[in-house]
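What follows is the content of upload_7.cif (mmCIF, C-alpha atoms).
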data_input
#
loop_
_atom_site.label_atom_id
_atom_site.label_comp_id
_atom_site.auth_asym_id
_atom_site.auth_seq_id
_atom_site.Cartn_x
_atom_site.Cartn_y
_atom_site.Cartn_z
CA MET A 1 -17.59 -0.80 -4.60
CA PRO A 2 -15.67 2.48 -4.53
CA GLU A 3 -15.59 4.39 -1.29
CA THR A 4 -17.26 7.75 -1.71
CA GLY A 5 -18.28 10.86 0.15
CA ALA A 6 -20.05 14.01 -0.97
CA PRO A 7 -20.59 16.63 1.69
CA ALA A 8 -23.18 19.22 0.73
CA SER A 9 -20.95 21.95 2.07
CA ALA A 10 -17.41 21.14 3.06
CA PRO A 11 -16.39 22.02 6.63
CA ARG A 12 -13.73 24.64 7.16
CA SER A 13 -11.05 21.96 7.39
CA GLN A 14 -11.93 20.98 3.84
CA ARG A 15 -11.86 24.47 2.34
CA PHE A 16 -8.81 25.45 0.37
CA GLY A 17 -7.49 28.92 -0.44
CA SER A 18 -7.20 29.61 -4.12
CA GLY A 19 -3.51 30.38 -4.05
CA GLY A 20 -2.47 27.63 -1.68
CA GLN A 21 1.03 27.39 -0.30
CA ARG A 22 4.09 26.98 -2.43
CA ALA A 23 5.75 23.60 -2.20
CA ARG A 24 9.13 24.94 -3.28
CA GLY A 25 10.90 27.93 -1.86
CA GLY A 26 13.66 29.93 -3.46
CA ALA A 27 13.40 33.31 -1.78
CA SER A 28 13.95 32.12 1.75
CA ASP A 29 16.84 30.21 3.25
CA GLY A 30 14.58 28.66 5.87
CA SER A 31 16.03 30.68 8.72
CA GLY A 32 13.89 31.99 11.53
CA ALA A 33 13.78 35.54 12.83
CA SER A 34 16.59 34.73 15.26
CA GLY A 35 18.88 33.67 12.41
CA ARG A 36 18.86 30.02 13.41
CA GLU A 37 18.14 27.47 10.72
CA ALA A 38 14.62 26.06 10.77
CA PRO A 39 14.22 22.40 11.79
CA LEU A 40 13.96 19.59 9.27
CA TYR A 41 10.71 17.75 8.54
CA GLY A 42 10.22 14.41 6.83
CA ALA A 43 7.31 12.83 4.93
CA LEU A 44 7.32 9.12 4.09
CA ASP A 45 4.70 7.56 1.82
CA LEU A 46 4.54 3.76 1.47
CA GLY A 47 2.20 3.09 -1.42
CA THR A 48 1.12 0.04 -3.38
CA ASN A 49 3.87 0.54 -5.94
CA ASN A 50 6.36 3.07 -4.54
CA CYS A 51 8.14 3.98 -1.33
CA ARG A 52 8.92 7.71 -1.23
CA LEU A 53 10.63 9.97 1.27
CA LEU A 54 10.93 13.76 1.28
CA ILE A 55 13.01 15.74 3.79
CA ALA A 56 12.55 19.50 3.78
CA ARG A 57 13.06 22.70 5.73
CA PRO A 58 10.34 25.36 6.13
CA ALA A 59 10.76 28.44 3.96
CA ARG A 60 8.84 31.70 3.68
CA ASP A 61 6.89 30.49 0.63
CA GLY A 62 6.46 26.83 1.63
CA PHE A 63 9.50 24.61 2.07
CA ARG A 64 12.90 23.82 0.60
CA VAL A 65 13.71 20.18 -0.22
CA VAL A 66 16.89 18.91 1.45
CA ASP A 67 16.77 15.24 0.46
CA SER A 68 14.47 12.83 -1.34
CA PHE A 69 14.25 9.12 -2.02
CA SER A 70 12.03 7.00 -4.24
CA ARG A 71 12.03 3.29 -4.98
CA ILE A 72 9.56 1.02 -6.76
CA VAL A 73 8.75 -1.81 -4.33
CA ARG A 74 5.46 -3.21 -5.73
CA LEU A 75 4.17 -3.93 -2.25
CA GLY A 76 0.72 -4.70 -3.67
CA GLU A 77 1.92 -7.28 -6.19
CA GLY A 78 -0.57 -10.16 -6.22
CA LEU A 79 -2.70 -8.54 -3.52
CA SER A 80 -5.83 -8.44 -5.69
CA ARG A 81 -5.65 -12.24 -6.06
CA THR A 82 -4.67 -13.32 -2.55
CA GLY A 83 -5.81 -10.52 -0.24
CA ARG A 84 -2.39 -10.61 1.45
CA LEU A 85 1.00 -8.92 1.04
CA ASP A 86 3.43 -11.27 -0.67
CA ASP A 87 6.60 -12.24 1.24
CA ALA A 88 8.93 -11.05 -1.54
CA ALA A 89 7.00 -7.78 -1.86
CA MET A 90 7.29 -7.15 1.89
CA GLU A 91 11.04 -7.78 1.74
CA ARG A 92 11.42 -5.22 -1.06
CA ALA A 93 9.42 -2.66 0.88
CA TYR A 94 11.26 -3.41 4.12
CA GLU A 95 14.67 -2.86 2.48
CA ALA A 96 13.50 0.47 1.05
CA LEU A 97 12.13 1.53 4.45
CA MET A 98 15.45 0.63 6.08
CA LEU A 99 17.17 3.03 3.68
CA CYS A 100 14.58 5.70 4.47
CA GLY A 101 15.20 5.24 8.20
CA GLU A 102 18.95 5.63 7.67
CA ARG A 103 18.45 8.86 5.68
CA VAL A 104 16.13 10.28 8.33
CA ALA A 105 18.65 9.50 11.07
CA ARG A 106 21.59 10.83 9.06
CA LYS A 107 19.82 14.14 8.40
CA GLY A 108 18.78 14.46 12.04
CA VAL A 109 15.00 14.62 11.53
CA GLU A 110 13.34 14.39 14.94
CA SER A 111 10.70 11.68 15.29
CA ALA A 112 8.04 14.29 16.14
CA ARG A 113 8.61 15.93 12.72
CA LEU A 114 8.52 12.73 10.66
CA MET A 115 5.12 11.91 9.15
CA ALA A 116 5.09 8.33 7.84
CA VAL A 117 1.98 6.88 6.22
CA ALA A 118 0.90 3.77 4.33
CA THR A 119 -1.97 3.64 1.86
CA GLN A 120 -4.05 1.18 -0.17
CA ALA A 121 -1.90 -1.98 -0.05
CA CYS A 122 -1.65 -1.96 3.74
CA ARG A 123 -5.31 -0.87 4.05
CA GLN A 124 -6.50 -3.78 1.93
CA ALA A 125 -4.18 -6.61 2.96
CA ASP A 126 -5.12 -8.99 5.77
CA ASN A 127 -1.52 -8.82 6.99
CA GLY A 128 -1.06 -5.09 6.37
CA SER A 129 -1.09 -4.14 10.07
CA ALA A 130 1.29 -6.99 10.90
CA PHE A 131 3.76 -5.69 8.32
CA ILE A 132 3.53 -2.17 9.75
CA GLU A 133 4.34 -3.59 13.21
CA ARG A 134 7.31 -5.50 11.80
CA VAL A 135 8.60 -2.27 10.26
CA ARG A 136 8.24 -0.47 13.61
CA LYS A 137 10.19 -3.13 15.47
CA GLY A 138 12.88 -3.52 12.83
CA THR A 139 13.45 0.05 11.66
CA GLY A 140 11.91 2.28 14.32
CA LEU A 141 9.68 3.89 11.69
CA ARG A 142 6.09 4.31 12.88
CA LEU A 143 3.89 4.19 9.80
CA ARG A 144 0.22 5.11 10.09
CA ILE A 145 -2.29 3.51 7.73
CA ILE A 146 -4.45 6.38 6.49
CA ASP A 147 -7.95 6.09 5.08
CA PRO A 148 -8.91 7.16 1.52
CA VAL A 149 -10.44 10.43 2.75
CA GLU A 150 -7.19 11.62 4.30
CA GLU A 151 -5.16 10.37 1.34
CA ALA A 152 -7.28 12.39 -1.07
CA ARG A 153 -7.20 15.49 1.14
CA LEU A 154 -3.41 15.39 1.47
CA SER A 155 -2.96 14.99 -2.28
CA VAL A 156 -5.12 18.07 -2.84
CA GLU A 157 -3.13 19.99 -0.21
CA GLY A 158 0.11 19.24 -2.03
CA CYS A 159 -1.23 20.49 -5.38
CA LEU A 160 -3.05 23.66 -4.36
CA ASN A 161 -0.76 26.15 -6.02
CA LEU A 162 -1.23 24.41 -9.38
CA PHE A 163 -4.92 25.33 -9.51
CA ASP A 164 -5.95 27.90 -12.10
CA ASP A 165 -7.62 30.63 -10.03
CA THR A 166 -9.91 31.52 -12.94
CA ALA A 167 -11.36 28.00 -13.18
CA GLU A 168 -14.80 27.33 -11.71
CA ALA A 169 -13.91 23.77 -10.72
CA VAL A 170 -10.93 21.44 -10.47
CA LEU A 171 -10.71 17.66 -10.38
CA VAL A 172 -7.58 16.29 -8.68
CA VAL A 173 -6.72 12.75 -9.79
CA ASP A 174 -4.20 10.80 -7.73
CA VAL A 175 -3.46 7.49 -9.46
CA GLY A 176 -1.86 4.99 -7.13
CA GLY A 177 -0.82 1.39 -7.43
CA GLY A 178 -3.92 -0.05 -5.78
CA SER A 179 -6.48 2.76 -5.89
CA THR A 180 -7.27 6.09 -7.50
CA GLU A 181 -8.38 9.03 -5.37
CA LEU A 182 -10.48 11.74 -7.03
CA SER A 183 -11.41 15.06 -5.45
CA TRP A 184 -13.85 17.54 -7.02
CA LEU A 185 -13.48 21.16 -5.90
CA ARG A 186 -15.54 24.21 -6.81
CA ARG A 187 -14.35 27.81 -6.53
CA GLY A 188 -16.21 30.08 -4.15
CA ASP A 189 -15.65 33.39 -2.35
CA ALA A 190 -13.28 31.74 0.16
CA GLY A 191 -11.33 29.73 -2.40
CA PHE A 192 -11.84 26.17 -3.58
CA ALA A 193 -14.18 24.00 -1.51
CA LEU A 194 -14.47 20.24 -1.70
CA GLU A 195 -17.63 19.15 -3.51
CA GLY A 196 -17.05 15.40 -3.22
CA TRP A 197 -14.44 12.67 -3.33
CA MET A 198 -14.17 9.01 -4.16
CA SER A 199 -11.61 6.27 -3.82
CA ALA A 200 -11.87 3.79 -6.68
CA PRO A 201 -10.14 0.46 -5.88
CA VAL A 202 -8.41 0.54 -9.26
CA GLY A 203 -4.75 1.49 -9.59
CA VAL A 204 -1.96 0.77 -12.05
CA VAL A 205 -0.93 -2.50 -10.35
CA THR A 206 -4.46 -3.87 -9.96
CA LEU A 207 -5.44 -2.87 -13.50
CA ALA A 208 -2.29 -4.35 -15.06
CA GLU A 209 -2.87 -7.61 -13.17
CA ARG A 210 -6.49 -7.78 -14.30
CA HIS A 211 -5.56 -7.08 -17.93
CA PRO A 212 -2.17 -8.64 -18.81
CA GLU A 213 -0.71 -7.25 -22.03
CA PRO A 214 -1.15 -9.81 -24.83
CA ALA A 215 2.23 -10.96 -26.13
CA GLY A 216 2.82 -10.81 -29.87
CA ALA A 217 -0.70 -9.61 -30.62
CA GLY A 218 -1.65 -7.48 -33.60
CA PRO A 219 -2.75 -3.82 -33.50
CA GLU A 220 -6.46 -4.64 -33.19
CA ALA A 221 -5.92 -6.95 -30.21
CA ILE A 222 -3.67 -4.37 -28.52
CA ASP A 223 -6.26 -1.64 -29.06
CA GLY A 224 -8.92 -3.92 -27.59
CA TRP A 225 -6.73 -4.69 -24.58
CA TYR A 226 -6.12 -1.01 -23.88
CA GLU A 227 -9.81 -0.18 -24.34
CA SER A 228 -10.75 -2.90 -21.84
CA MET A 229 -8.62 -1.14 -19.20
CA VAL A 230 -10.28 2.21 -19.98
CA THR A 231 -13.71 0.59 -19.68
CA ASP A 232 -12.79 -1.09 -16.38
CA MET A 233 -11.84 2.25 -14.86
CA GLY A 234 -14.84 3.94 -16.46
CA ASP A 235 -17.16 1.53 -14.66
CA ALA A 236 -15.59 2.50 -11.33
CA LEU A 237 -16.14 6.20 -12.12
CA SER A 238 -19.84 5.77 -12.92
CA VAL A 239 -20.82 6.34 -9.27
CA ALA A 240 -19.09 9.71 -8.88
CA PRO A 241 -20.63 11.28 -5.73
CA VAL A 242 -21.17 14.80 -7.02
CA ASP A 243 -24.01 16.76 -8.58
CA PRO A 244 -24.25 15.66 -12.25
CA ALA A 245 -24.63 19.34 -13.18
CA LEU A 246 -20.98 19.83 -12.25
CA ARG A 247 -20.03 17.85 -15.33
CA GLU A 248 -21.44 20.65 -17.49
CA VAL A 249 -18.81 23.01 -16.04
CA PHE A 250 -16.10 20.66 -17.31
CA THR A 251 -17.77 20.14 -20.70
CA ALA A 252 -18.03 23.91 -21.15
CA GLY A 253 -14.30 24.35 -20.59
CA ARG A 254 -14.63 26.19 -17.28
CA ALA A 255 -12.78 23.54 -15.28
CA HIS A 256 -9.56 21.57 -15.49
CA LEU A 257 -7.91 18.41 -14.19
CA VAL A 258 -4.80 18.09 -12.04
CA GLY A 259 -3.02 14.76 -12.36
CA THR A 260 -0.64 13.74 -9.61
CA SER A 261 1.30 10.48 -9.92
CA GLY A 262 3.59 8.61 -12.26
CA ALA A 263 0.59 7.98 -14.51
CA ILE A 264 0.52 11.58 -15.71
CA THR A 265 4.22 12.45 -15.30
CA SER A 266 5.10 9.52 -17.60
CA LEU A 267 2.73 10.85 -20.24
CA ALA A 268 4.31 14.27 -19.82
CA GLY A 269 7.81 12.88 -20.28
CA ILE A 270 6.78 11.12 -23.50
CA HIS A 271 4.92 14.23 -24.69
CA LEU A 272 8.01 16.39 -24.17
CA GLY A 273 10.33 13.79 -25.70
CA LEU A 274 12.65 13.89 -22.70
CA ARG A 275 15.79 11.80 -22.91
CA ARG A 276 15.91 11.84 -19.12
CA TYR A 277 13.25 12.81 -16.65
CA GLN A 278 13.42 16.48 -15.61
CA ARG A 279 11.08 17.46 -12.82
CA ASN A 280 11.45 21.18 -13.47
CA LEU A 281 10.00 20.69 -16.97
CA VAL A 282 7.23 18.30 -15.92
CA ASP A 283 5.84 19.70 -12.67
CA GLY A 284 3.28 22.38 -13.51
CA LEU A 285 3.14 21.52 -17.23
CA TRP A 286 -0.19 22.09 -18.97
CA MET A 287 -1.25 19.31 -21.37
CA THR A 288 -4.33 19.02 -23.55
CA ARG A 289 -6.51 15.96 -23.73
CA GLY A 290 -5.13 15.39 -27.22
CA ASP A 291 -1.57 15.54 -25.89
CA CYS A 292 -2.39 12.79 -23.39
CA GLU A 293 -4.01 10.59 -26.03
CA LYS A 294 -1.06 10.99 -28.42
CA ALA A 295 1.40 10.10 -25.63
CA ALA A 296 -0.65 6.98 -24.84
CA GLU A 297 -0.66 6.01 -28.54
CA ARG A 298 3.11 6.45 -28.59
CA LEU A 299 3.47 4.15 -25.58
CA ILE A 300 1.33 1.48 -27.26
CA GLN A 301 3.44 1.68 -30.44
CA LEU A 302 6.68 1.34 -28.48
CA GLY A 303 5.75 -2.09 -27.14
CA PRO A 304 7.11 -3.56 -23.87
CA ARG A 305 10.78 -3.39 -24.86
CA GLY A 306 10.52 0.10 -26.25
CA ARG A 307 8.78 1.36 -23.12
CA ALA A 308 11.44 -0.23 -20.91
CA ALA A 309 14.13 1.56 -22.92
CA GLU A 310 12.50 4.97 -22.37
CA SER A 311 14.43 6.78 -19.63
CA CYS A 312 11.25 8.43 -18.34
CA ILE A 313 9.72 4.99 -17.77
CA GLY A 314 12.37 2.28 -17.38
CA PRO A 315 12.00 -1.49 -17.00
CA ASP A 316 10.44 -1.30 -13.51
CA ARG A 317 7.38 0.56 -14.80
CA ALA A 318 7.17 -0.59 -18.42
CA ASP A 319 4.31 -2.98 -17.67
CA LEU A 320 2.35 -0.42 -15.60
CA VAL A 321 2.57 2.81 -17.55
CA LEU A 322 -0.23 2.02 -20.00
CA ALA A 323 -2.53 1.08 -17.13
CA GLY A 324 -1.89 4.59 -15.79
CA ALA A 325 -2.60 6.11 -19.20
CA ALA A 326 -5.86 4.14 -19.40
CA ILE A 327 -6.96 5.42 -15.99
CA MET A 328 -6.30 9.01 -17.03
CA GLU A 329 -8.16 8.50 -20.31
CA ALA A 330 -11.17 7.05 -18.48
CA VAL A 331 -11.24 10.10 -16.20
CA GLN A 332 -11.00 12.47 -19.16
CA ARG A 333 -13.89 10.73 -20.88
CA ALA A 334 -16.06 10.84 -17.77
CA TRP A 335 -15.11 14.45 -16.93
CA PRO A 336 -14.27 16.12 -20.25
CA SER A 337 -11.62 18.80 -19.96
CA GLU A 338 -9.25 20.10 -22.59
CA ARG A 339 -6.70 21.03 -19.93
CA VAL A 340 -4.85 18.87 -17.44
CA ARG A 341 -2.05 20.17 -15.24
CA VAL A 342 0.77 17.78 -14.41
CA ALA A 343 1.82 17.55 -10.77
CA ASP A 344 5.04 15.88 -9.68
CA ARG A 345 3.90 16.35 -6.11
CA GLY A 346 1.05 15.24 -3.90
CA LEU A 347 0.66 13.32 -0.67
CA ARG A 348 4.17 13.87 0.74
CA GLU A 349 4.02 17.59 0.04
CA GLY A 350 0.60 17.72 1.64
CA LEU A 351 1.93 16.03 4.77
CA LEU A 352 4.79 18.51 5.03
CA LEU A 353 2.66 21.60 4.48
CA GLN A 354 0.06 20.43 6.96
CA ARG A 355 2.56 19.75 9.75
CA MET A 356 4.56 22.93 9.16
CA ARG A 357 1.38 24.97 9.26
CA GLU A 358 0.34 23.31 12.52
CA ASP A 359 3.72 24.03 14.09
CA ARG A 360 3.51 27.71 13.10
CA ARG A 361 0.25 28.20 14.96
CA PRO A 362 0.80 30.03 18.25
CA ARG A 363 0.02 27.95 21.30
CA ARG A 364 -2.66 29.24 23.63
CA ARG A 365 -1.40 30.49 26.96
CA ARG A 366 -3.07 29.27 30.08
CA ARG A 367 -5.03 31.92 31.91
CA ARG A 368 -3.86 32.72 35.40
CA ARG A 369 -6.44 32.62 38.11
#

What does this structure look like when you write it as structure tokens?
Amino acid sequence: MPETGAPASAPRSQRFGSGGQRARGGASDGSGASGREAPLYGALDLGTNNCRLLIARPARDGFRVVDSFSRIVRLGEGLSRTGRLDDAAMERAYEALMLCGERVARKGVESARLMAVATQACRQADNGSAFIERVRKGTGLRLRIIDPVEEARLSVEGCLNLFDDTAEAVLVVDVGGGSTELSWLRRGDAGFALEGWMSAPVGVVTLAERHPEPAGAGPEAIDGWYESMVTDMGDALSVAPVDPALREVFTAGRAHLVGTSGAITSLAGIHLGLRRYQRNLVDGLWMTRGDCEKAAERLIQLGPRGRAAESCIGPDRADLVLAGAAIMEAVQRAWPSERVRVADRGLREGLLLQRMREDRRPRRRRRRR
């Protein structure tokens, strides 16, 4: 069953300002009032499919990226069948984490300013904690396994400045390898407040493993295969923990989606016809529901080899990209919205913004007796 939560009124820690904080800074050089350069921060996200690192320096309007790293490791490969992390998958992830540790050390990021987290694969696996301990001993990286609530909140934090301030509601969809986090927010006087969230245990890796692509099948069989993935995700969404009346806001066109993950950025790359992936063209792009459906149809027509040849997808993700498209389509059917905003950002950016904001808060002075 999906994990869900629907607070009647979100606490202050779950209320979000309508403008948010910018995740990219161009106006500031990151220097403090004294002229000294601001310290570096790092955010490491070990997911079911990817291992990602972001190193940045605080800036006046958010932060400025100094270095980044991303590698597909497929840590959750086979997890849905065995309940354990596979040895080969752990080796792939370990090698990527070693490289992350070297980058962090080379850039001089202090351990107190490095936020390292692991998500669904390590949450679900019987040996997830043991792998985290192995990583600590071997690389010095201290990864923290976060729960779905925190994962969803951080993804929202990283996407705040992509919200349309005129919208009445926003649904943030973070498609991972092993789960999909959804956060419903409604606009109020103090900005956007969380209406409810859910973590569906369906991601691109789990869905692709449940529904292998039929080899050499005709158009009808391929259509049926894709539709079975949409239905699978649709079943998981049927227990959305929010007031059903909120759906009317989406149907009436007064709300929009924000998609954060490779599932939506891949659709955006295909929609734009990019010969190579360009983040500056993808991040913040508005797409219609029809645009997403046409991109998915294009991916189906390309076939496995054609998808692998697409520079925005590549051979490492060719067998997963349609699972991501099916998840997005299931969400758009359940929560109709003509507009979806593409976010090439999310959890890592949320980690950075949260820690930088905490460090900016003045410390309370002790009262003298």

> Hey, what comes out of the PyMOL selection byres ((chain A and resi 277) around 9) on this file? Could you write it as a ChimeraX atom specification?
Replying inline: /A:266,269,274-276,278-279,281-282,311-313

Taking a cut-off of 7 Å and counting all atoms listed in the file, can you build a table that, for each residue of range 185-303 of chain A near range 317-335 of chain A, reports the nearest atom pair and how far apart they are in Å (one decimal), sorted by chain then residue number, as JSON lines?
{"residue": "A:Val204", "atom": "CA", "partner": "A:Ala323", "partner_atom": "CA", "distance": 5.1}
{"residue": "A:Val205", "atom": "CA", "partner": "A:Leu320", "partner_atom": "CA", "distance": 6.5}
{"residue": "A:Leu207", "atom": "CA", "partner": "A:Ala323", "partner_atom": "CA", "distance": 6.1}
{"residue": "A:Ala208", "atom": "CA", "partner": "A:Ala323", "partner_atom": "CA", "distance": 5.8}
{"residue": "A:Tyr226", "atom": "CA", "partner": "A:Ala326", "partner_atom": "CA", "distance": 6.8}
{"residue": "A:Met229", "atom": "CA", "partner": "A:Ala326", "partner_atom": "CA", "distance": 6.0}
{"residue": "A:Val230", "atom": "CA", "partner": "A:Ala326", "partner_atom": "CA", "distance": 4.9}
{"residue": "A:Met233", "atom": "CA", "partner": "A:Ile327", "partner_atom": "CA", "distance": 5.9}
{"residue": "A:Gly234", "atom": "CA", "partner": "A:Ala330", "partner_atom": "CA", "distance": 5.2}
{"residue": "A:Arg247", "atom": "CA", "partner": "A:Trp335", "partner_atom": "CA", "distance": 6.2}
{"residue": "A:Phe250", "atom": "CA", "partner": "A:Trp335", "partner_atom": "CA", "distance": 6.3}
{"residue": "A:Ala263", "atom": "CA", "partner": "A:Gly324", "partner_atom": "CA", "distance": 4.4}
{"residue": "A:Ala296", "atom": "CA", "partner": "A:Ala325", "partner_atom": "CA", "distance": 6.0}

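Minimum atom-to-atom distances from A:Gly350, A:Pro214, A:Gly224, A:Gly76 to Val202 in chain A were compared using only C-alpha atoms, and the lowest value belongs to A:Gly76.
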
> Selected by the PyMOL selection byres ((chain A and resi 145) around 7) in the shown coordinates: which residues, as a list in words?
Replying inline: Val117, Ala118, Thr119, Cys122, Arg123, Leu143, Arg144, Ile146 and Asp147 of chain A

> Between CA of Glu248 in chain A and CA of Leu185 in chain A, what is the distance, to one decimal in Å?
Replying inline: 14.1 Å

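When the PyMOL selection byres ((chain A and resi 175) around 7) is evaluated on the file shown here, the picked residues come out as Val173, Asp174, Gly176, Gly177, Ser179, Thr180, Glu181, Gly203, Thr260, Ser261 and Ala263 of chain A.
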
>> I want to know what sits within 10 Å of Arg355 in chain A, based on only C-alpha atoms, with residues of the same chain fewer than 2 positions away left out; could you give that as a list in words?
In response: Tyr41, Gly42, Ala43, Arg113, Leu114, Met115, Gly350, Leu351, Leu352, Leu353, Arg357, Glu358, Asp359 and Arg360 of chain A

> What is the distance, in Å and to one decimal place, between CA of His211 in chain A and CA of Ser228 in chain A?
Replying inline: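 Answer for the CA of His211 in chain A to CA of Ser228 in chain A separation: 7.7 Å.
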